[in-house]
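Okay, start-v4.cif now, which holds mmCIF, C-alpha atoms (C1' of nucleotides):
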data_coords
#
loop_
_atom_site.label_atom_id
_atom_site.label_comp_id
_atom_site.auth_asym_id
_atom_site.auth_seq_id
_atom_site.Cartn_x
_atom_site.Cartn_y
_atom_site.Cartn_z
CA MET A 18 187.04 111.52 106.05
CA ARG A 19 187.02 108.22 104.19
CA ALA A 20 186.77 104.82 105.80
CA VAL A 21 189.99 102.91 105.79
CA ALA A 22 190.35 99.13 105.74
CA ALA A 23 194.05 98.92 105.13
CA ALA A 24 194.60 96.20 107.70
CA THR A 25 192.37 93.77 105.85
CA GLY A 26 192.59 95.09 102.28
CA GLU A 27 190.31 97.45 100.39
CA PRO A 28 186.95 96.07 99.31
CA SER A 29 186.86 95.32 95.60
CA GLU A 30 185.67 92.77 93.11
CA ALA A 31 189.05 91.06 93.02
CA ARG A 32 189.19 90.90 96.78
CA GLU A 33 185.79 89.25 96.91
CA ARG A 34 187.04 86.68 94.42
CA VAL A 35 190.05 85.97 96.60
CA LEU A 36 187.88 85.44 99.66
CA ASP A 37 185.49 83.21 97.73
CA VAL A 38 188.11 80.85 96.35
CA ALA A 39 190.02 80.83 99.65
CA GLU A 40 186.85 79.85 101.48
CA ALA A 41 186.18 76.99 99.08
CA LEU A 42 189.73 75.69 99.31
CA PHE A 43 190.06 76.02 103.09
CA ALA A 44 186.72 74.26 103.61
CA GLU A 45 187.70 71.43 101.30
CA ARG A 46 191.23 70.71 102.48
CA GLY A 47 191.88 72.67 105.65
CA LEU A 48 194.41 75.36 106.48
CA ALA A 49 197.59 73.29 106.27
CA ARG A 50 196.92 71.72 102.89
CA VAL A 51 196.07 74.87 100.97
CA THR A 52 198.90 77.07 99.68
CA MET A 53 198.77 80.74 98.84
CA ARG A 54 199.78 79.78 95.30
CA GLU A 55 196.71 77.62 94.91
CA ILE A 56 194.47 80.40 96.14
CA ALA A 57 196.13 82.81 93.75
CA ASP A 58 195.77 80.41 90.82
CA ALA A 59 192.09 79.89 91.55
CA ALA A 60 191.59 83.65 91.84
CA GLY A 61 193.37 84.22 88.54
CA MET A 62 196.39 86.10 89.76
CA ARG A 63 199.99 85.58 90.88
CA GLN A 64 200.82 84.51 94.39
CA ALA A 65 202.45 87.82 95.29
CA SER A 66 199.39 89.75 94.14
CA LEU A 67 197.36 88.11 96.89
CA TYR A 68 199.13 90.28 99.43
CA HIS A 69 197.57 93.38 97.96
CA HIS A 70 194.11 92.07 98.92
CA ALA A 71 195.17 90.15 102.00
CA PRO A 72 198.07 92.11 103.54
CA GLY A 73 197.80 90.14 106.75
CA GLY A 74 199.02 86.97 105.13
CA LYS A 75 197.65 83.46 105.19
CA ALA A 76 196.57 83.25 108.83
CA GLN A 77 194.69 86.54 108.63
CA LEU A 78 193.08 85.45 105.36
CA TYR A 79 191.92 82.25 106.99
CA ARG A 80 190.51 84.20 109.90
CA GLU A 81 188.52 86.51 107.63
CA VAL A 82 187.22 83.63 105.57
CA PHE A 83 186.30 81.70 108.70
CA GLU A 84 184.34 84.60 110.17
CA ARG A 85 182.56 85.12 106.86
CA MET A 86 181.64 81.44 106.64
CA ILE A 87 180.21 81.14 110.13
CA ALA A 88 178.27 84.39 109.67
CA HIS A 89 176.86 82.86 106.49
CA HIS A 90 175.87 79.77 108.42
CA ARG A 91 174.29 81.79 111.18
CA VAL A 92 172.06 83.65 108.73
CA GLY A 93 171.19 80.48 106.86
CA LEU A 94 170.43 78.50 110.00
CA GLU A 95 168.21 81.21 111.44
CA ARG A 96 166.39 81.67 108.15
CA ALA A 97 165.84 77.91 107.87
CA LEU A 98 164.58 77.72 111.45
CA ALA A 99 162.25 80.71 110.98
CA GLY A 100 160.17 78.69 108.54
CA ALA A 101 160.29 75.36 110.36
CA GLY A 102 157.43 75.65 112.82
CA SER A 103 157.79 74.91 116.49
CA ARG A 104 158.12 71.15 116.81
CA LEU A 105 161.48 69.53 117.46
CA ARG A 106 161.72 67.18 114.50
CA PRO A 107 161.00 69.65 111.68
CA ARG A 108 163.32 72.16 113.32
CA LEU A 109 166.19 69.68 113.46
CA ARG A 110 165.45 68.66 109.90
CA ALA A 111 165.67 72.28 108.86
CA VAL A 112 169.10 72.48 110.49
CA ALA A 113 170.23 69.30 108.75
CA ASP A 114 168.86 70.30 105.34
CA TRP A 115 170.67 73.60 105.52
CA TYR A 116 173.91 72.02 106.65
CA VAL A 117 173.83 69.25 104.04
CA GLY A 118 173.02 71.76 101.30
CA GLN A 119 176.12 73.84 102.02
CA ALA A 120 179.67 73.02 101.00
CA PRO A 121 181.02 70.60 103.64
CA MET A 122 182.83 72.62 106.26
CA ASN A 123 184.21 69.74 108.34
CA PHE A 124 183.55 71.49 111.61
CA LEU A 125 185.40 68.96 113.76
CA ARG A 126 188.46 69.04 111.53
CA MET A 127 188.52 72.82 111.62
CA MET A 128 188.36 72.79 115.40
CA THR A 129 190.93 70.04 115.93
CA SER A 130 193.35 70.85 113.12
CA ASP A 131 193.06 74.40 111.76
CA MET A 132 192.38 76.29 114.97
CA PRO A 133 195.39 74.99 116.91
CA ALA A 134 197.66 75.88 114.00
CA LEU A 135 196.67 79.53 114.37
CA GLY A 136 197.93 79.72 117.92
CA ASP A 137 196.05 79.97 121.18
CA ALA A 138 195.20 83.68 120.97
CA GLU A 139 193.76 83.47 117.47
CA ALA A 140 191.91 80.26 118.25
CA ALA A 141 190.32 81.76 121.33
CA ALA A 142 189.24 84.83 119.37
CA LEU A 143 187.49 82.67 116.77
CA ALA A 144 185.92 80.20 119.18
CA GLY A 145 183.34 82.67 120.49
CA PRO A 146 181.82 83.69 117.14
CA ALA A 147 181.96 80.08 115.98
CA TYR A 148 179.99 78.95 118.98
CA ALA A 149 177.46 81.74 118.62
CA SER A 150 176.87 81.04 114.94
CA LEU A 151 176.94 77.26 114.74
CA MET A 152 176.20 75.84 118.16
CA GLN A 153 173.97 78.38 119.82
CA PRO A 154 171.07 78.29 117.31
CA ILE A 155 170.95 74.51 117.70
CA THR A 156 171.15 74.59 121.48
CA GLU A 157 168.14 76.93 121.36
CA VAL A 158 166.19 74.35 119.39
CA PHE A 159 166.82 71.72 122.04
CA ARG A 160 166.19 74.17 124.87
CA GLY A 161 162.84 75.09 123.35
CA ALA A 162 161.86 71.44 123.05
CA MET A 163 162.75 70.87 126.69
CA ALA A 164 160.73 73.90 127.78
CA VAL A 165 157.53 72.48 126.28
CA GLY A 166 158.19 68.95 127.51
CA GLU A 167 158.99 67.64 124.07
CA ALA A 168 162.46 66.53 125.11
CA ARG A 169 164.03 65.39 128.35
CA GLU A 170 166.28 67.76 130.26
CA LEU A 171 169.77 67.08 128.96
CA ASP A 172 172.78 69.28 128.29
CA PRO A 173 171.82 71.31 125.18
CA ASP A 174 175.47 71.84 124.27
CA LEU A 175 176.10 68.12 124.29
CA LEU A 176 173.10 67.53 122.05
CA ALA A 177 174.02 70.33 119.64
CA GLY A 178 177.64 69.17 119.44
CA SER A 179 176.55 65.62 118.81
CA LEU A 180 174.18 66.71 116.05
CA LEU A 181 176.94 68.73 114.39
CA ALA A 182 179.29 65.75 114.63
CA ILE A 183 176.68 63.48 113.07
CA LEU A 184 176.15 65.97 110.24
CA ASP A 185 179.92 66.09 109.70
CA ALA A 186 179.98 62.31 109.51
CA VAL A 187 177.11 62.32 107.04
CA ALA A 188 178.86 64.95 104.93
CA PHE A 189 181.97 62.76 105.01
CA ALA A 190 179.94 60.19 103.08
CA GLU A 191 179.91 62.65 100.20
CA GLY A 192 182.34 61.86 97.41
CA ARG A 193 181.94 58.21 98.39
CA GLY A 194 178.98 57.54 96.16
CA TYR A 195 176.45 59.38 98.30
CA GLY A 196 174.73 62.41 96.83
CA GLU A 197 172.98 65.21 98.61
CA HIS A 198 169.72 63.28 98.54
CA ASP A 199 171.25 60.32 100.38
CA GLN A 200 172.92 62.59 102.90
CA ARG A 201 169.61 64.24 103.64
CA ALA A 202 167.97 60.85 104.16
CA MET A 203 170.76 59.71 106.49
CA ALA A 204 170.54 62.92 108.48
CA HIS A 205 166.77 62.57 108.79
CA THR A 206 167.15 58.98 109.97
CA MET A 207 169.53 59.98 112.73
CA ILE A 208 167.32 62.92 113.68
CA ASP A 209 164.39 60.53 114.09
CA VAL A 210 166.51 58.44 116.43
CA LEU A 211 167.41 61.51 118.46
CA VAL A 212 163.84 62.81 118.59
CA TYR A 213 162.49 59.43 119.70
CA GLY A 214 165.30 59.05 122.18
CA LEU A 215 164.69 62.47 123.67
CA ALA A 216 160.92 62.05 123.98
CA VAL A 217 159.51 62.04 127.48
CA VAL A 218 157.75 58.73 127.87
CA ASP A 219 156.93 56.41 130.73
CA ALA A 220 158.16 53.05 129.54
CA ARG A 221 161.86 52.79 128.76
CA PRO A 222 163.76 49.74 127.64
CA THR A 223 166.18 48.62 130.28
CA MET B 124 217.11 31.62 107.30
CA ARG B 125 216.36 34.71 109.36
CA ALA B 126 213.33 36.91 109.00
CA VAL B 127 214.04 40.25 107.40
CA ALA B 128 212.14 43.46 107.99
CA ALA B 129 214.47 45.83 106.18
CA ALA B 130 211.68 47.65 104.41
CA THR B 131 210.19 48.81 107.69
CA GLY B 132 213.21 48.82 109.96
CA GLU B 133 214.53 46.15 112.32
CA PRO B 134 212.61 45.63 115.53
CA SER B 135 214.38 47.11 118.54
CA GLU B 136 213.76 49.06 121.69
CA ALA B 137 214.62 52.35 120.00
CA ARG B 138 212.33 51.59 117.10
CA GLU B 139 209.45 50.94 119.49
CA ARG B 140 210.14 54.27 121.12
CA VAL B 141 210.00 55.98 117.73
CA LEU B 142 206.67 54.37 116.90
CA ASP B 143 205.26 55.26 120.30
CA VAL B 144 206.12 58.95 120.18
CA ALA B 145 205.12 59.19 116.54
CA GLU B 146 201.73 57.70 117.34
CA ALA B 147 201.15 60.16 120.17
CA LEU B 148 202.15 63.15 118.06
CA PHE B 149 200.21 62.10 114.96
CA ALA B 150 197.11 61.44 117.02
CA GLU B 151 197.36 64.79 118.75
CA ARG B 152 198.11 67.07 115.81
CA GLY B 153 197.66 65.11 112.61
CA LEU B 154 200.08 64.25 109.82
CA ALA B 155 200.67 67.73 108.43
CA ARG B 156 201.48 69.43 111.72
CA VAL B 157 204.06 66.96 113.00
CA THR B 158 207.63 67.18 111.72
CA MET B 159 210.24 64.46 111.64
CA ARG B 160 212.40 66.67 113.88
CA GLU B 161 209.69 66.75 116.54
CA ILE B 162 209.38 62.99 116.45
CA ALA B 163 213.15 62.65 116.71
CA ASP B 164 213.31 65.07 119.65
CA ALA B 165 210.59 63.21 121.50
CA ALA B 166 212.36 59.93 120.83
CA GLY B 167 215.68 61.33 122.06
CA MET B 168 217.63 61.25 118.83
CA ARG B 169 218.54 63.42 115.86
CA GLN B 170 216.23 63.80 112.90
CA ALA B 171 218.50 61.90 110.53
CA SER B 172 218.68 58.96 112.95
CA LEU B 173 214.97 58.39 112.48
CA TYR B 174 215.64 57.04 109.03
CA HIS B 175 217.49 54.10 110.46
CA HIS B 176 214.29 52.94 112.17
CA ALA B 177 211.87 54.26 109.58
CA PRO B 178 213.64 53.96 106.23
CA GLY B 179 210.39 54.53 104.39
CA GLY B 180 210.14 58.14 105.49
CA LYS B 181 207.32 60.09 107.03
CA ALA B 182 204.40 58.71 105.02
CA GLN B 183 205.46 55.13 105.65
CA LEU B 184 205.97 55.88 109.35
CA TYR B 185 202.47 57.31 109.52
CA ARG B 186 201.10 54.24 107.81
CA GLU B 187 202.79 51.88 110.25
CA VAL B 188 201.65 53.89 113.23
CA PHE B 189 198.13 54.08 111.87
CA GLU B 190 197.90 50.34 111.34
CA ARG B 191 199.29 49.72 114.81
CA MET B 192 196.77 52.09 116.36
CA ILE B 193 193.70 50.63 114.69
CA ALA B 194 194.87 47.11 115.50
CA HIS B 195 195.19 48.23 119.10
CA HIS B 196 191.66 49.59 118.97
CA ARG B 197 190.33 46.42 117.41
CA VAL B 198 191.74 44.28 120.19
CA GLY B 199 190.59 46.69 122.87
CA LEU B 200 187.10 47.00 121.43
CA GLU B 201 186.63 43.28 121.10
CA ARG B 202 187.96 42.63 124.58
CA ALA B 203 185.64 45.30 126.01
CA LEU B 204 182.68 43.85 124.14
CA ALA B 205 183.47 40.30 125.23
CA GLY B 206 182.70 41.23 128.84
CA ALA B 207 179.70 43.45 128.17
CA GLY B 208 176.85 40.97 128.02
CA SER B 209 174.34 40.86 125.21
CA ARG B 210 172.12 43.90 125.64
CA LEU B 211 172.54 46.97 123.45
CA ARG B 212 173.13 49.64 126.08
CA PRO B 213 175.94 47.98 128.05
CA ARG B 214 177.60 46.99 124.81
CA LEU B 215 177.57 50.55 123.50
CA ARG B 216 178.78 51.77 126.87
CA ALA B 217 181.66 49.34 126.68
CA VAL B 218 182.58 50.78 123.28
CA ALA B 219 182.37 54.32 124.63
CA ASP B 220 184.35 53.57 127.78
CA TRP B 221 187.11 52.03 125.76
CA TYR B 222 187.22 54.88 123.27
CA VAL B 223 187.14 57.60 125.92
CA GLY B 224 189.89 55.86 127.88
CA GLN B 225 192.27 55.91 124.92
CA ALA B 226 194.26 58.86 123.68
CA PRO B 227 191.95 60.88 121.41
CA MET B 228 192.47 59.75 117.86
CA ASN B 229 190.23 62.28 116.10
CA PHE B 230 188.90 59.74 113.67
CA LEU B 231 187.06 62.24 111.49
CA ARG B 232 190.10 64.51 111.23
CA MET B 233 192.29 61.57 110.25
CA MET B 234 189.87 60.59 107.55
CA THR B 235 189.29 64.09 106.17
CA SER B 236 192.76 65.53 106.61
CA ASP B 237 195.52 62.93 106.97
CA MET B 238 194.27 60.29 104.54
CA PRO B 239 193.91 62.58 101.53
CA ALA B 240 197.43 63.90 102.12
CA LEU B 241 198.81 60.39 101.64
CA GLY B 242 197.41 60.08 98.15
CA ASP B 243 194.56 57.99 96.81
CA ALA B 244 196.40 54.68 96.68
CA GLU B 245 197.69 54.86 100.25
CA ALA B 246 194.34 56.12 101.53
CA ALA B 247 192.50 53.25 99.88
CA ALA B 248 194.94 50.73 101.34
CA LEU B 249 194.35 52.04 104.85
CA ALA B 250 190.59 52.49 104.56
CA GLY B 251 189.88 48.75 104.62
CA PRO B 252 191.73 47.89 107.84
CA ALA B 253 190.41 51.07 109.47
CA TYR B 254 186.85 50.08 108.68
CA ALA B 255 187.37 46.52 109.88
CA SER B 256 188.90 47.60 113.16
CA LEU B 257 186.87 50.64 114.14
CA MET B 258 183.55 50.49 112.34
CA GLN B 259 182.82 46.82 111.88
CA PRO B 260 182.79 45.80 115.58
CA ILE B 261 180.27 48.57 116.24
CA THR B 262 178.10 47.72 113.26
CA GLU B 263 177.95 44.18 114.67
CA VAL B 264 176.65 45.52 117.96
CA PHE B 265 173.80 47.29 116.19
CA ARG B 266 173.15 44.35 113.90
CA GLY B 267 172.86 42.05 116.88
CA ALA B 268 170.41 44.38 118.57
CA MET B 269 168.29 44.47 115.41
CA ALA B 270 168.32 40.67 115.15
CA VAL B 271 166.74 40.28 118.59
CA GLY B 272 164.26 43.10 118.11
CA GLU B 273 166.06 45.41 120.50
CA ALA B 274 166.57 48.05 117.82
CA ARG B 275 164.73 49.08 114.71
CA GLU B 276 166.11 48.10 111.32
CA LEU B 277 168.35 50.99 110.29
CA ASP B 278 171.63 51.18 108.41
CA PRO B 279 174.24 49.79 110.86
CA ASP B 280 177.03 51.71 109.15
CA LEU B 281 175.18 54.97 109.61
CA LEU B 282 174.64 54.21 113.28
CA ALA B 283 178.25 53.16 113.86
CA GLY B 284 179.60 56.19 112.04
CA SER B 285 177.34 58.47 114.02
CA LEU B 286 178.44 56.91 117.29
CA LEU B 287 182.11 57.34 116.37
CA ALA B 288 181.44 60.97 115.42
CA ILE B 289 179.71 61.57 118.75
CA LEU B 290 182.63 60.01 120.60
CA ASP B 291 185.02 62.24 118.66
CA ALA B 292 182.95 65.27 119.63
CA VAL B 293 182.98 64.17 123.27
CA ALA B 294 186.74 63.65 123.15
CA PHE B 295 187.06 67.14 121.68
CA ALA B 296 185.69 68.43 124.98
CA GLU B 297 188.91 67.19 126.57
CA GLY B 298 191.45 69.88 127.27
CA ARG B 299 188.51 72.24 127.68
CA GLY B 300 187.94 71.55 131.35
CA TYR B 301 186.34 68.15 130.91
CA GLY B 302 188.10 65.15 132.38
CA GLU B 303 187.73 61.52 131.47
CA HIS B 304 184.92 61.14 133.99
CA ASP B 305 182.86 63.90 132.36
CA GLN B 306 183.50 62.49 128.91
CA ARG B 307 182.28 59.11 130.02
CA ALA B 308 179.11 60.66 131.44
CA MET B 309 178.47 62.61 128.25
CA ALA B 310 179.00 59.52 126.13
CA HIS B 311 176.61 57.53 128.30
CA THR B 312 174.00 60.25 128.04
CA MET B 313 174.12 60.19 124.27
CA ILE B 314 174.07 56.40 124.22
CA ASP B 315 170.90 56.45 126.28
CA VAL B 316 169.33 58.76 123.72
CA LEU B 317 170.36 56.40 120.92
CA VAL B 318 169.16 53.28 122.73
CA TYR B 319 165.80 54.85 123.53
CA GLY B 320 165.51 56.20 120.01
CA LEU B 321 166.26 52.82 118.47
CA ALA B 322 163.84 50.89 120.66
CA VAL B 323 160.95 49.22 118.91
CA VAL B 324 157.82 50.67 120.49
CA ASP B 325 154.28 51.33 119.36
CA ALA B 326 153.73 54.93 120.33
CA ARG B 327 155.99 57.48 118.69
CA PRO B 328 155.88 61.22 119.07
CA THR B 329 154.83 62.87 115.87
"C1'" DG C 220 196.77 96.30 91.01
"C1'" DT C 221 199.45 93.10 89.04
"C1'" DC C 222 203.70 91.59 87.88
"C1'" DT C 223 208.83 89.38 88.31
"C1'" DA C 224 212.31 88.27 91.26
"C1'" DT C 225 213.99 86.86 95.39
"C1'" DA C 226 214.83 86.53 100.37
"C1'" DC C 227 214.13 83.55 104.16
"C1'" DA C 228 212.65 79.70 106.83
"C1'" DC C 229 211.43 75.06 107.28
"C1'" DC C 230 211.09 70.36 106.12
"C1'" DG C 231 212.08 65.73 104.27
"C1'" DA C 232 215.63 63.05 102.90
"C1'" DT C 233 220.51 61.45 101.83
"C1'" DA C 234 225.69 60.92 102.40
"C1'" DG C 235 229.09 59.49 104.96
"C1'" DA C 236 232.11 59.68 109.36
"C1'" DC C 237 232.38 57.50 113.79
"C1'" DG D 134 222.96 53.17 115.61
"C1'" DT D 135 223.70 57.69 116.05
"C1'" DC D 136 225.84 61.57 114.61
"C1'" DT D 137 227.01 66.13 111.60
"C1'" DA D 138 226.44 68.27 107.43
"C1'" DT D 139 224.00 69.37 103.59
"C1'" DC D 140 221.02 69.09 99.43
"C1'" DG D 141 216.70 69.93 97.12
"C1'" DG D 142 212.17 71.28 97.37
"C1'" DT D 143 208.43 74.00 98.93
"C1'" DG D 144 205.95 77.72 101.08
"C1'" DT D 145 205.32 82.40 102.98
"C1'" DA D 146 206.32 86.88 102.50
"C1'" DT D 147 208.68 91.18 100.76
"C1'" DA D 148 210.89 94.53 97.36
"C1'" DG D 149 210.31 97.08 93.72
"C1'" DA D 150 209.32 97.77 88.54
"C1'" DC D 151 205.48 98.71 85.58
#
Translate this file's structure into C-alpha cells.
Amino acid sequence: MRAVAAATGEPSEARERVLDVAEALFAERGLARVTMREIADAAGMRQASLYHHAPGGKAQLYREVFERMIAHHRVGLERALAGAGSRLRPRLRAVADWYVGQAPMNFLRMMTSDMPALGDAEAAALAGPAYASLMQPITEVFRGAMAVGEARELDPDLLAGSLLAILDAVAFAEGRGYGEHDQRAMAHTMIDVLVYGLAVVDARPT
Amino acid sequence: MRAVAAATGEPSEARERVLDVAEALFAERGLARVTMREIADAAGMRQASLYHHAPGGKAQLYREVFERMIAHHRVGLERALAGAGSRLRPRLRAVADWYVGQAPMNFLRMMTSDMPALGDAEAAALAGPAYASLMQPITEVFRGAMAVGEARELDPDLLAGSLLAILDAVAFAEGRGYGEHDQRAMAHTMIDVLVYGLAVVDARPT
DNA sequence: GTCTATACACCGATAGAC
DNA sequence: GTCTATCGGTGTATAGAC
C-alpha cells in the first residue's frame, strides 16, 4: 500500500516551492499581511492552484511552514552548538551567529500576533514544538553554565527568552542601515554584558 | 475665533471613549487584527458612528492612538525616573516597574507589524516621536551611568533597545500564569544581570 | 496540476434620514 | 451624534473545465 499525504498535499517540486516562498513571506510580514495571491505569484502559479498543494488552506499552510522553520532552527542551533566548545560565551555567540545569519523570523511578533490569529487550539499545538526547538537548546546552554559555576543560578527560561528578544531587536536593526556584520557585533556586545553579568564573583556594585 | 479640530474630530466624552477602547484593542491585538466594528462595539456605538469622531478612518485613528500612547509613556517614564535617584540600577528598575505596570504595548510587534502596514511615509512620521518617547529616556539613563563610570562605554541605543525587548518578552509572559508581581521580579533579575555586566571592573571571566 | 470563474464573507468607508 | 443601509474592494475558498 502506498503512503498517503492527502491532508497536507502530495510531496512534489512545486509543493516545495510553495512552502519555500510561503515561509519567506510569512517570516517577513507575518500571517495577516500575506495573501494567498502573493504566495501564488511568488510560486509562479494562480491563487486557486495553491489549494492543490495546500488543501488545508492558509492557516494549515502557515502551520506547516512554521513547523518546518522551527525544525530548521533546531537543527541549525544544535549543529552550531556542537562546534562551540563548552564555555558560556562562545556557545552564546554560536547561537547568535546562527540566528543573525538566518532570515529574520521575528519570534516575538509571531508569538504575539500570528499565533493568536490561529485560535487557541492551533496556538497551543504549535507552542510545544516552538519551545523545544528555539528555547530549549538555549536554556540548556545556560543550565550547563550554571552547573559548572560559570553562571549564577537564575531562571534559564527567563535568560533564554531574554536572549531571543535581544536577537529579535538586533535583527530589527536590519534594513535600517545595519548589515549582518553589524548585527553580529551588536549581538556579541550584548552577550558579553550577559556573560559578565552572570559571572559568579565576590564584589558586586551596589 | 474658535479653535477647530475638524480633521481629527471634535473633542468630546464619546470621542475620548473611542480613543480609549481603540488604544486597548490596538495594543492587545495590533492594527491588522482589530476591526472598526469591534472598536465601535466596545465604545457602545455603531461602526458608521465612529467616523464622526474619527473622520480620518482607521489608519488615522491608529496614528492618533499611537501618539497618545507614547506621549503617555514619555510622561510616565520621566516621572518614574525623577524619583529614582541617580544610580543605574534603581533607575532601570523604575523604567521596568513603569513599563510592567502599563498595558502591554508589544513594542517590537508594533514596529515590525503595524508600522509597515501604514506605509513608509506614515511609519517614518511616527518613528521619530516613538524614539523620543520610549528609547531616548532610557538611552539617557545609560549615558548618565557611563558618564560617572558606573557603566562601560557601549552603544546606548543598543542597550535601550535590548532593555525594551527584554521588557516585551517579560510582558509576553503575562496571560501565561505570570502576574504583574512575577513580571516585576523577572525584569529586576534581568536588570541585575545588565547592571553587573555593565560594571567597570578589572577582572573579567574569559 | 493548472487554469478560469465565481461564490461567499468581511471590512472600511460613505450617504443620508432622524 | 447616532442611526440604517449600502457600496466597493479585498481575501479565502470552491467548482469544474482542460
- Message: At a cut-off of 12 Å, which residues of chain B touch chain C? Count all atoms listed in the file and give the answer as a count of residues only.
- Response: 19
- Query: What is the atom CA of A:Ala39 to atom CA of A:Val82 distance in Å?
  - Reply: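 Atom CA of A:Val82 lies 7.1 Å from atom CA of A:Ala39.
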- Separation of atom CA of B:Leu200 from atom CA of B:Tyr301 in Å: 23.2 Å
- Item | Residue nearest chain A among B:Glu151, B:Glu245, B:Glu201, B:Glu190 (counting only C-alpha atoms) |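 Result for the nearest residue to chain A: B:Glu151.
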- Excluding stretch 112-126 of chain A and residues on its chain fewer than 4 positions from it, collect all residues at most 9 Å away from it, counting all atoms listed in the file, and give them as a PyMOL selection string. (chain A and resi 41+43-45+47+86+90+93-95+97-98+107-108+130-132+155+180-182+184-189+191+197+200-201+204-205+208) or (chain B and resi 229+231-233+235-236+291-292+295)
- Item | Residues selected by the PyMOL selection byres ((chain D) within 9 of (chain A)), written as a ChimeraX atom specification | /D:144-147
- Distance atom CA of A:Val218-atom CA of B:Leu281, one decimal place? 25.5 Å
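Applied to this file, the PyMOL selection byres ((chain A) within 6 of (chain B)) selects the residues Arg126, Ser179, Ala182, Ile183, Val210, Leu211, Tyr213, Gly214 and Leu215 of chain A.
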Could you save the residues just selected, with C-alpha atoms, as a tab-separated table (two decimals), keeping the file's coordinate frame?
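Output saved as result_3.tsv:
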chain	number	residue	atom	x	y	z
A	126	ARG	CA	188.46	69.04	111.53
A	179	SER	CA	176.55	65.62	118.81
A	182	ALA	CA	179.29	65.75	114.63
A	183	ILE	CA	176.68	63.48	113.07
A	210	VAL	CA	166.51	58.44	116.43
A	211	LEU	CA	167.41	61.51	118.46
A	213	TYR	CA	162.49	59.43	119.70
A	214	GLY	CA	165.30	59.05	122.18
A	215	LEU	CA	164.69	62.47	123.67
- Message: Please list as an MDAnalysis selection string every residue within 9 Å of B:Val141, counting all atoms listed in the file and excluding residues in the same chain fewer than 5 positions away.
- Response: chainID B and resid 136 146 162:163 165:167 173 176:177
8 Å per side around chain C: axis-aligned box centre and edge lengths, as AutoDock Vina command-line options:
--center_x 214.6 --center_y 76.9 --center_z 100.8 --size_x 51.6 --size_y 54.8 --size_z 41.9
